[in-house]
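Notes to accompany the following structure.
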Amino acid sequence: MTWTPERIDELTRLWGDGHSASAIGKRLGVSKNAVVGKAHRLNLPARPSPIRREARPAQPARKRTTVLAVPAPAAVAQPGLREEPRPPMIRPRERTGGRQCQWPIGDPAKPDFHFCGAEAEPGRPYCREHCAVAYVVKSRDKANAA
């Protein structure tokens, strides 16, 4: 398909009349994308978006508020029950000294969440026990049987 001067004139006229790109394409026997591309190359004025949006009244800028953390309610001690000691909370940024296991334990949203903290294996982020869980190697016998 070539864009002859007659077809370009027709495209420009239909574009100016406000016809959609798909309607122009059907009339000229080309695709909608061909019409849009040629209109762009001809620097025809941009079309308004076909998505009709209701004009919203301008809202004043919202004032930023500071969110304060609310402390969790203290646990009510019941007679005869001892609270179990919590393991120290170790986060990767708080580590000191040697490399420690980064295996997460518990729910990150809960206050008792922590990392294992044991001595990490060389070149690995986890201790020996957690490496055994994290890095499972399939044996060749099992891989061939599957």
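The chains in the structure tokens are called A, B, ... from first to last as shown; in each chain the residues are counted from 1, and the ligands are counted from 1 in the order shown.
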
Non-local contacts of A:Ile24 (12 Å; only C-alpha atoms; under 5 positions in same chain excluded) as a PyMOL selection string: chain A and resi 7-19+29-36+38-39

Among stretch 90-138 of chain A, which residues does DSSP mark as helix (DSSP H, G or I) when it is run on the backbone? Keep the chain and numbering as in the structure and answer as a PyMOL selection string. chain A and resi 92-94+128-134

**Item:** Test item: residues at most 10 Å from A:Pro125, only C-alpha atoms, excluding those fewer than 6 positions along its chain, as number ranges by chain
**Value:** A: 99-103, 119, 131

Prev. selection, N, CA and C atoms, output as a PDB file, in the first residue's frame:
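Output file again.pdb is given in full below:
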```
ATOM      1  N   ARG A  99      30.123 -13.972  60.327  1.00  0.00           N
ATOM      2  CA  ARG A  99      28.894 -14.119  59.555  1.00  0.00           C
ATOM      3  C   ARG A  99      27.919 -15.003  60.301  1.00  0.00           C
ATOM      4  N   GLN A 100      26.666 -14.548  60.357  1.00  0.00           N
ATOM      5  CA  GLN A 100      25.640 -15.289  61.076  1.00  0.00           C
ATOM      6  C   GLN A 100      24.552 -15.746  60.118  1.00  0.00           C
ATOM      7  N   CYS A 101      23.871 -16.823  60.482  1.00  0.00           N
ATOM      8  CA  CYS A 101      22.809 -17.403  59.664  1.00  0.00           C
ATOM      9  C   CYS A 101      21.672 -16.398  59.518  1.00  0.00           C
ATOM     10  N   GLN A 102      21.199 -16.231  58.285  1.00  0.00           N
ATOM     11  CA  GLN A 102      20.130 -15.280  58.004  1.00  0.00           C
ATOM     12  C   GLN A 102      18.788 -15.970  57.784  1.00  0.00           C
ATOM     13  N   TRP A 103      18.644 -17.205  58.265  1.00  0.00           N
ATOM     14  CA  TRP A 103      17.395 -17.938  58.102  1.00  0.00           C
ATOM     15  C   TRP A 103      16.310 -17.268  58.944  1.00  0.00           C
ATOM     16  N   GLU A 119      26.415 -19.627  63.489  1.00  0.00           N
ATOM     17  CA  GLU A 119      27.562 -19.418  62.603  1.00  0.00           C
ATOM     18  C   GLU A 119      27.202 -19.853  61.190  1.00  0.00           C
ATOM     19  N   CYS A 131      21.283 -24.757  55.678  1.00  0.00           N
ATOM     20  CA  CYS A 131      21.773 -25.057  54.328  1.00  0.00           C
ATOM     21  C   CYS A 131      21.230 -26.401  53.857  1.00  0.00           C
TER      22      CYS A 131
END
```

note - atom CA of A:Thr4 and atom CA of A:Leu28 are separated by 11.2 Å

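Atom pair atom CA of A:Ser139 / atom CA of A:Pro104: separated by 27.4 Å.
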